[in-house]
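Structure file input-v2.tsv (TSV, C-alpha atoms and all ligand atoms) is printed below.
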chain	number	residue	atom	x	y	z
A	1	MET	CA	-26.62	13.89	1.31
A	2	ASN	CA	-22.92	13.75	1.95
A	3	PHE	CA	-21.78	11.49	-0.82
A	4	ARG	CA	-18.65	10.52	1.05
A	5	ALA	CA	-20.37	9.96	4.38
A	6	ILE	CA	-22.61	7.07	3.36
A	7	VAL	CA	-21.70	4.05	5.43
A	8	TRP	CA	-22.23	0.59	4.05
A	9	PRO	CA	-22.30	-2.71	5.87
A	10	GLN	CA	-18.75	-3.98	5.71
A	11	ARG	CA	-18.44	-7.33	7.34
A	12	CYS	CA	-19.03	-10.79	6.00
A	13	PRO	CA	-19.05	-13.30	8.90
A	14	ALA	CA	-17.15	-15.86	6.85
A	15	LEU	CA	-14.33	-13.39	6.34
A	16	SER	CA	-13.17	-13.83	9.90
A	17	ILE	CA	-11.88	-17.27	8.87
A	18	ALA	CA	-9.47	-15.95	6.35
A	19	GLN	CA	-9.03	-12.31	7.34
A	20	GLY	CA	-5.53	-11.10	6.79
A	21	GLN	CA	-4.30	-14.58	5.96
A	22	ALA	CA	-4.90	-15.11	2.28
A	23	GLY	CA	-2.19	-13.98	-0.13
A	24	ASP	CA	-3.33	-12.34	-3.36
A	25	HIS	CA	-1.54	-14.94	-5.40
A	26	GLN	CA	-3.83	-17.39	-3.67
A	27	LEU	CA	-6.90	-15.36	-4.51
A	28	ASP	CA	-6.09	-15.11	-8.16
A	29	SER	CA	-6.15	-18.68	-9.34
A	30	PHE	CA	-8.63	-19.29	-12.05
A	31	ARG	CA	-11.17	-21.89	-10.92
A	32	ARG	CA	-10.45	-22.95	-7.37
A	33	THR	CA	-8.44	-21.16	-4.71
A	34	THR	CA	-6.75	-22.21	-1.51
A	35	VAL	CA	-6.99	-19.91	1.49
A	36	THR	CA	-4.82	-20.78	4.47
A	37	SER	CA	-5.82	-19.91	7.99
A	38	GLY	CA	-4.34	-21.11	11.26
A	39	GLY	CA	-2.70	-24.09	9.60
A	40	PHE	CA	-5.87	-25.14	7.75
A	41	ALA	CA	-6.18	-25.10	4.01
A	42	ILE	CA	-9.64	-24.29	2.70
A	43	ARG	CA	-10.62	-24.68	-0.95
A	44	TRP	CA	-12.86	-21.99	-2.39
A	45	ARG	CA	-14.44	-21.58	-5.76
A	46	SER	CA	-13.41	-18.26	-7.28
A	47	SER	CA	-17.10	-17.33	-7.68
A	48	THR	CA	-17.47	-17.79	-3.90
A	49	LEU	CA	-14.46	-15.60	-3.29
A	50	LYS	CA	-15.92	-12.92	-5.50
A	51	SER	CA	-19.29	-12.99	-3.73
A	52	MET	CA	-17.44	-12.70	-0.39
A	53	GLY	CA	-15.49	-9.68	-1.59
A	54	LEU	CA	-12.16	-11.51	-1.33
A	55	ARG	CA	-11.23	-10.69	-4.89
A	56	GLY	CA	-11.33	-7.32	-6.52
A	57	PRO	CA	-9.82	-5.08	-9.13
A	58	PRO	CA	-6.00	-4.94	-9.39
A	59	GLU	CA	-5.70	-1.63	-7.55
A	60	LEU	CA	-7.61	-3.09	-4.59
A	61	ARG	CA	-5.41	-6.18	-4.48
A	62	GLN	CA	-2.32	-3.98	-4.61
A	63	LEU	CA	-3.69	-1.81	-1.79
A	64	ARG	CA	-4.37	-4.86	0.35
A	65	ARG	CA	-0.83	-6.12	-0.24
A	66	ARG	CA	0.60	-2.79	0.91
A	67	LEU	CA	-1.65	-2.74	3.97
A	68	ARG	CA	-0.57	-6.25	4.95
A	69	ARG	CA	3.07	-5.17	4.81
A	70	ALA	CA	2.49	-2.08	6.98
A	71	HIS	CA	4.01	-2.02	10.45
A	72	ARG	CA	1.49	-2.44	13.30
A	73	ARG	CA	3.44	-2.39	16.58
A	74	ASP	CA	5.31	0.88	17.26
A	75	ARG	CA	3.65	2.44	20.31
A	76	THR	CA	4.52	6.06	19.59
A	77	LEU	CA	3.29	5.84	16.03
A	78	LYS	CA	0.18	4.02	17.17
A	79	ARG	CA	-0.64	6.82	19.61
A	80	LEU	CA	-0.05	9.53	17.00
A	81	ALA	CA	-2.06	7.68	14.36
A	82	ALA	CA	-4.93	7.11	16.75
A	83	GLN	CA	-4.98	10.78	17.71
A	84	ALA	CA	-5.00	12.02	14.10
A	85	ARG	CA	-7.65	9.53	13.10
A	86	ARG	CA	-9.84	10.30	16.12
A	87	LEU	CA	-9.80	14.00	15.21
A	88	ALA	CA	-10.51	13.32	11.53
A	89	GLU	CA	-13.36	10.91	12.24
A	90	GLY	CA	-14.77	13.42	14.74
A	91	LEU	CA	-14.74	16.15	12.09
A	92	ALA	CA	-16.56	13.98	9.54
A	93	THR	CA	-19.16	12.99	12.10
A	94	SER	CA	-19.74	16.52	13.37
A	95	CYS	CA	-20.12	17.97	9.86
A	96	GLY	CA	-22.51	15.22	8.80
A	97	ALA	CA	-24.05	14.84	5.36
A	98	LEU	CA	-23.72	17.65	2.83
A	99	HIS	CA	-26.19	18.16	-0.03
A	100	CYS	CA	-23.54	19.43	-2.42
A	101	CYS	CA	-21.62	16.15	-2.25
A	102	GLY	CA	-24.47	14.34	-3.95
A	103	SER	CA	-24.41	16.32	-7.18
A	104	CYS	CA	-20.92	17.81	-7.65
A	105	GLY	CA	-19.89	15.22	-10.27
A	106	ARG	CA	-22.81	15.88	-12.57
A	107	PHE	CA	-21.71	16.77	-16.12
A	108	ALA	CA	-18.01	16.32	-15.33
A	109	PRO	CA	-15.97	14.07	-17.65
A	110	PRO	CA	-15.00	10.62	-16.33
A	111	PRO	CA	-13.69	9.48	-13.95
A	112	HIS	CA	-14.95	12.38	-11.80
A	113	GLY	CA	-18.30	12.45	-13.55
A	114	ARG	CA	-18.87	8.68	-13.38
A	115	TYR	CA	-21.54	9.35	-10.74
A	116	ASP	CA	-23.58	12.41	-9.83
A	117	GLY	CA	-21.83	12.81	-6.50
A	118	GLY	CA	-18.35	12.51	-5.08
A	119	PHE	CA	-16.38	14.52	-7.63
A	120	CYS	CA	-13.32	14.55	-5.35
A	121	CYS	CA	-13.37	10.72	-5.17
A	122	GLY	CA	-12.32	10.55	-8.82
A	123	GLY	CA	-8.59	10.32	-7.98
A	124	SER	CA	-6.25	7.34	-7.98
A	125	THR	CA	-6.65	4.81	-5.16
A	126	ALA	CA	-2.90	4.40	-4.70
A	127	GLU	CA	-2.35	8.15	-4.36
A	128	LEU	CA	-5.24	8.64	-1.94
A	129	PHE	CA	-3.95	5.78	0.18
A	130	CYS	CA	-0.34	6.93	0.38
A	131	ASP	CA	2.11	5.07	2.64
A	132	HIS	CA	1.43	7.41	5.59
A	133	GLU	CA	-2.32	6.84	5.33
A	134	LEU	CA	-1.95	3.09	5.03
A	135	GLN	CA	0.44	2.96	7.96
A	136	ALA	CA	-1.99	4.96	10.11
A	137	LEU	CA	-4.86	2.64	9.16
A	138	ALA	CA	-2.77	-0.44	9.91
A	139	LEU	CA	-1.78	0.94	13.32
A	140	VAL	CA	-5.40	1.46	14.35
A	141	GLY	CA	-6.23	-2.09	13.36
A	142	VAL	CA	-7.73	-1.90	9.87
A	143	ARG	CA	-7.23	-5.22	8.04
A	144	ALA	CA	-6.70	-5.74	4.33
A	145	LEU	CA	-9.79	-7.81	3.71
A	146	GLN	CA	-12.03	-5.25	5.40
A	147	LEU	CA	-11.42	-3.04	2.37
A	148	LYS	CA	-13.89	-3.97	-0.35
A	149	ALA	CA	-14.33	-2.31	-3.70
A	150	ALA	CA	-17.61	-0.64	-4.53
A	151	GLU	CA	-19.89	-2.44	-6.94
A	152	ASP	CA	-19.47	-1.11	-10.44
A	153	SER	CA	-16.57	1.13	-9.43
A	154	GLU	CA	-14.88	0.84	-12.80
A	155	HIS	CA	-13.83	4.18	-14.29
A	156	ALA	CA	-14.94	6.04	-11.16
A	157	GLY	CA	-11.47	6.93	-9.84
A	158	CYS	CA	-11.07	5.61	-6.30
A	159	VAL	CA	-11.97	1.93	-6.19
A	160	PHE	CA	-14.23	2.50	-3.16
A	161	ARG	CA	-16.42	5.04	-4.94
A	162	GLY	CA	-19.82	3.67	-5.86
A	163	ALA	CA	-23.16	4.99	-7.05
A	164	GLN	CA	-24.27	5.41	-3.44
A	165	GLY	CA	-21.10	7.04	-2.18
A	166	CYS	CA	-17.99	5.80	-0.43
A	167	GLN	CA	-18.09	2.09	0.28
A	168	LEU	CA	-15.81	2.35	3.28
A	169	ASP	CA	-16.74	2.97	6.85
A	170	ILE	CA	-15.46	6.31	8.15
A	171	SER	CA	-12.94	4.43	10.30
A	172	GLN	CA	-11.39	2.93	7.14
A	173	ARG	CA	-11.09	6.05	5.00
A	174	PRO	CA	-7.85	7.97	4.56
A	175	ILE	CA	-7.50	11.15	6.60
A	176	ILE	CA	-7.16	13.16	3.40
A	177	CYS	CA	-10.76	12.21	2.57
A	178	LEU	CA	-12.09	12.97	6.03
A	179	ARG	CA	-10.52	16.45	6.24
A	180	HIS	CA	-11.24	17.55	2.67
A	181	TYR	CA	-14.03	20.07	2.11
A	182	CYS	CA	-13.98	21.83	-1.25
A	183	ARG	CA	-15.19	25.41	-1.63
A	184	GLU	CA	-18.74	24.32	-2.31
A	185	ALA	CA	-18.70	22.12	0.77
A	186	GLN	CA	-17.23	24.96	2.82
A	187	ARG	CA	-20.02	27.26	1.61
A	188	GLU	CA	-22.57	24.73	2.79
A	189	LEU	CA	-20.83	24.37	6.14
A	190	HIS	CA	-20.83	28.16	6.45
A	191	SER	CA	-24.57	28.32	5.76
A	192	ARG	CA	-25.07	25.86	8.62
A	193	GLY	CA	-22.82	27.80	10.97
A	194	LEU	CA	-20.29	24.96	11.09
A	195	LEU	CA	-17.41	26.36	9.07
A	196	SER	CA	-15.33	28.03	11.80
A	197	ALA	CA	-15.42	24.99	14.04
A	198	ALA	CA	-14.59	22.74	11.08
A	199	GLN	CA	-11.59	24.88	10.15
A	200	ARG	CA	-10.24	24.68	13.69
A	201	LYS	CA	-10.65	20.92	13.63
A	202	ILE	CA	-8.91	20.67	10.25
A	203	GLU	CA	-5.94	22.60	11.65
A	204	ALA	CA	-5.78	20.22	14.61
A	205	ILE	CA	-5.94	17.21	12.26
A	206	ASP	CA	-3.16	18.58	10.07
A	207	GLU	CA	-1.01	19.19	13.13
A	208	ALA	CA	-1.62	15.69	14.52
A	209	PHE	CA	-1.15	13.92	11.20
A	210	GLY	CA	1.91	16.07	10.48
A	211	ALA	CA	3.44	14.88	13.77
A	212	PHE	CA	2.69	11.30	12.78
A	213	LYS	CA	4.31	11.72	9.35
A	214	ARG	CA	7.39	13.42	10.77
A	215	THR	CA	7.88	10.74	13.39
A	216	ARG	CA	7.38	8.04	10.81
A	217	THR	CA	9.85	9.66	8.42
A	218	TYR	CA	12.63	10.45	10.87
A	219	CYS	CA	12.16	7.56	13.33
A	220	PRO	CA	10.96	4.68	11.13
A	221	PRO	CA	9.81	1.61	13.08
A	301	LIG	S1	-16.19	17.81	-0.93
A	301	LIG	FE1	-16.76	18.94	-2.77
A	301	LIG	S2	-15.97	17.74	-4.50
A	301	LIG	FE2	-15.97	16.42	-2.68
A	301	LIG	S3	-17.90	15.28	-2.73
A	301	LIG	FE3	-18.26	17.13	-1.50
A	301	LIG	S4	-18.98	18.72	-2.90
A	301	LIG	FE4	-18.08	17.05	-4.11
A	302	LIG	S1	-11.85	6.36	0.14
A	302	LIG	FE1	-12.21	6.84	-2.01
A	302	LIG	S2	-14.44	6.81	-2.25
A	302	LIG	FE2	-13.98	6.92	-0.07
A	302	LIG	S3	-14.04	9.12	0.42
A	302	LIG	FE3	-11.92	8.59	-0.06
A	302	LIG	S4	-11.67	8.99	-2.24
A	302	LIG	FE4	-13.85	8.91	-1.80
Could you render the structure from this file as C-alpha cells?
Ligand code: SF4
Ligand code: SF4
Amino acid sequence: MNFRAIVWPQRCPALSIAQGQAGDHQLDSFRRTTVTSGGFAIRWRSSTLKSMGLRGPPELRQLRRRLRRAHRRDRTLKRLAAQARRLAEGLATSCGALHCCGSCGRFAPPPHGRYDGGFCCGGSTAELFCDHELQALALVGVRALQLKAAEDSEHAGCVFRGAQGCQLDISQRPIICLRHYCREAQRELHSRGLLSAAQRKIEAIDEAFGAFKRTRTYCPP
C-alpha cells in the first residue's frame, strides 16, 4: 500500500454553492455563519459547515487563504505549472502503491509516528505547501475549499495526513510530495524494476518545476 497514494472522495455537491466564495472570517463565527455566493447570503449552522468540510484546523484555514490570494491568469506560468504537475502526477501514477509507505512511521515519535504509514507526511503543512506549490495548484484550477483536512489529523504533521493515508487527490498534492521517494521507497521501486524510469521522471519534474519557479521569481505576474 502506498500510504500517500490513497485517494479519497473529495467533493461535496453542496460545496459548489459556496466554493471559493466564503471568507474564513465568515466561517469562524461561533453559532451561525453567513456564506456569500453570487450576491446571495446563505445562513449556515457551524455544525453544518463542519460536516461539509468548510471549517478546519487553523493551518488549513491559513492554507486556503493563501490559495485564494494566488494568481490564476498568467499564461506562461500556467503552461509551466501544468507541465510540471502533469509529469509529477504521471510519476505517482506509474509508480503506484508501495508497501513500505504503509509501515514506515511505526515506532517513530510524533508527529511522524502518529500513524503506521506516511512518515514523510509528518512535516508542517505551510512548509510543504510553499508559495511556489500553491501558485502552481492555483494555476491548474485547484480551489481552496477542495482542500479538506483528514479526520483526526491532529499531531500528525501535514493536516491532510490521516490514518488511511493522504486525504488529497493526486491532482491536489504538492509536487514535492509526488516526486519524493525515500531510500526505502527507492529500494522497493528497484525491486520492481521501476527505479531507473522513476529517476528519469524525477529529473524531468525538477527541471520543469525549476523553470516554473525561476519564471515566477524573475517575471512575477
Ligand atoms: S516515501 Fe518513504 S517515508 Fe514517505 S511514506 Fe513512503 S516509505 Fe514512508
Ligand atoms: S499533502 Fe500532506 S499528507 Fe498528502 S502526501 Fe503531501 S505531506 Fe503527505
- [ ] Mind giving me the straight-line distance from CA of Arg73 (chain A) to CA of Arg61 (chain A) in Å, one decimal?
- [x] 23.2 Å
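Non-sequential neighbours of Ala108 (chain A) (distance at most 12 Å, separation of 2 or more positions within a chain, all atoms listed in the file) are A:Ser103, A:Cys104, A:Gly105, A:Arg106, A:Pro110, A:Pro111, A:His112, A:Gly113, A:Arg114, A:Tyr115, A:Asp116, A:Gly117, A:Gly118, A:Phe119, A:Cys120, A:Gly122, A:Ala156.
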Distance limit 9 Å, reference ligand LIG 302 (chain A), atoms considered: only C-alpha atoms and all ligand atoms. Which residues make the cut? Give them as a CSV table (one decimal) with C-alpha atoms, in the frame of the given file.
chain,number,residue,atom,x,y,z
A,3,PHE,CA,-21.8,11.5,-0.8
A,4,ARG,CA,-18.6,10.5,1.0
A,5,ALA,CA,-20.4,10.0,4.4
A,118,GLY,CA,-18.4,12.5,-5.1
A,119,PHE,CA,-16.4,14.5,-7.6
A,120,CYS,CA,-13.3,14.6,-5.4
A,121,CYS,CA,-13.4,10.7,-5.2
A,122,GLY,CA,-12.3,10.6,-8.8
A,123,GLY,CA,-8.6,10.3,-8.0
A,124,SER,CA,-6.2,7.3,-8.0
A,125,THR,CA,-6.6,4.8,-5.2
A,128,LEU,CA,-5.2,8.6,-1.9
A,129,PHE,CA,-4.0,5.8,0.2
A,150,ALA,CA,-17.6,-0.6,-4.5
A,156,ALA,CA,-14.9,6.0,-11.2
A,157,GLY,CA,-11.5,6.9,-9.8
A,158,CYS,CA,-11.1,5.6,-6.3
A,159,VAL,CA,-12.0,1.9,-6.2
A,160,PHE,CA,-14.2,2.5,-3.2
A,161,ARG,CA,-16.4,5.0,-4.9
A,162,GLY,CA,-19.8,3.7,-5.9
A,165,GLY,CA,-21.1,7.0,-2.2
A,166,CYS,CA,-18.0,5.8,-0.4
A,167,GLN,CA,-18.1,2.1,0.3
A,168,LEU,CA,-15.8,2.4,3.3
A,169,ASP,CA,-16.7,3.0,6.8
A,170,ILE,CA,-15.5,6.3,8.2
A,172,GLN,CA,-11.4,2.9,7.1
A,173,ARG,CA,-11.1,6.0,5.0
A,174,PRO,CA,-7.8,8.0,4.6
A,175,ILE,CA,-7.5,11.2,6.6
A,176,ILE,CA,-7.2,13.2,3.4
A,177,CYS,CA,-10.8,12.2,2.6
A,178,LEU,CA,-12.1,13.0,6.0
Task: Contacts of region 83-97 of chain A within 8 Å, all atoms listed in the file, excl. fewer than 6 positions in-chain, as a list in words - done: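 Returned residues: Met1, Asn2, Phe3, Ala5, Ala136, Ile170, Ser171, Ile175, Leu178, Arg179, Leu189, Leu194, Ala198, Lys201, Ile202, Ala204, Ile205, Asp206, Ala208, Phe209 and Phe212 of chain A.
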TODO: Go through A:Glu188, A:Asp152, A:Glu203, A:Glu133 one by one, measure the shortest atom-to-atom distance of each to ligand LIG 301 (chain A) using all atoms listed in the file, and give the residue with the smallest value.
DONE: A:Glu188
Open item on the list: Between atom FE3 of ligand LIG 301 (chain A) and CA of Gln135 (chain A), what distance in Å does the model show, to one decimal?
Closed with: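 If I compute the distance from atom FE3 of ligand LIG 301 (chain A) to CA of Gln135 (chain A), I get 25.3 Å.
The closest residue to ligand LIG 301 (chain A), picked from A:Cys101, A:Leu80, A:Ala197, A:Leu147 and counting only C-alpha atoms and all ligand atoms, is A:Cys101.
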- [ ] Work out how far apart CA of Gln164 (chain A) and CA of Arg200 (chain A) are and give it in Å to one decimal.
- [x] 29.4 Å
Around all the atoms of ligand LIG 301 (chain A) listed in the file, with 4 Å of room on each side, what axis-aligned box do you get, giving centre and edge lengths in Å to one decimal, as AutoDock Vina command-line options?
--center_x -17.5 --center_y 17.1 --center_z -2.7 --size_x 11.0 --size_y 11.7 --size_z 11.6
Task: Best match for closeness to ligand LIG 301 (chain A) among A:His180, A:Arg72, A:Arg143, A:Lys78, counting only C-alpha atoms and all ligand atoms - done: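 Counting only C-alpha atoms and all ligand atoms, the residue closest to ligand LIG 301 (chain A) is A:His180.
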Task: Top pick for closest residue to ligand LIG 301 (chain A), considering A:Ala126, A:Cys100, A:Leu139, A:Leu145 and counting all atoms listed in the file - done: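 Selected residue with least distance to ligand LIG 301 (chain A): A:Cys100.
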Task: Among listed residues A:Leu98, A:Cys219, A:Leu63, A:Val142, nearest ligand LIG 301 (chain A) (using all atoms listed in the file) - done: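 Once distances to ligand LIG 301 (chain A) are computed over all atoms listed in the file, the minimum belongs to A:Leu98.
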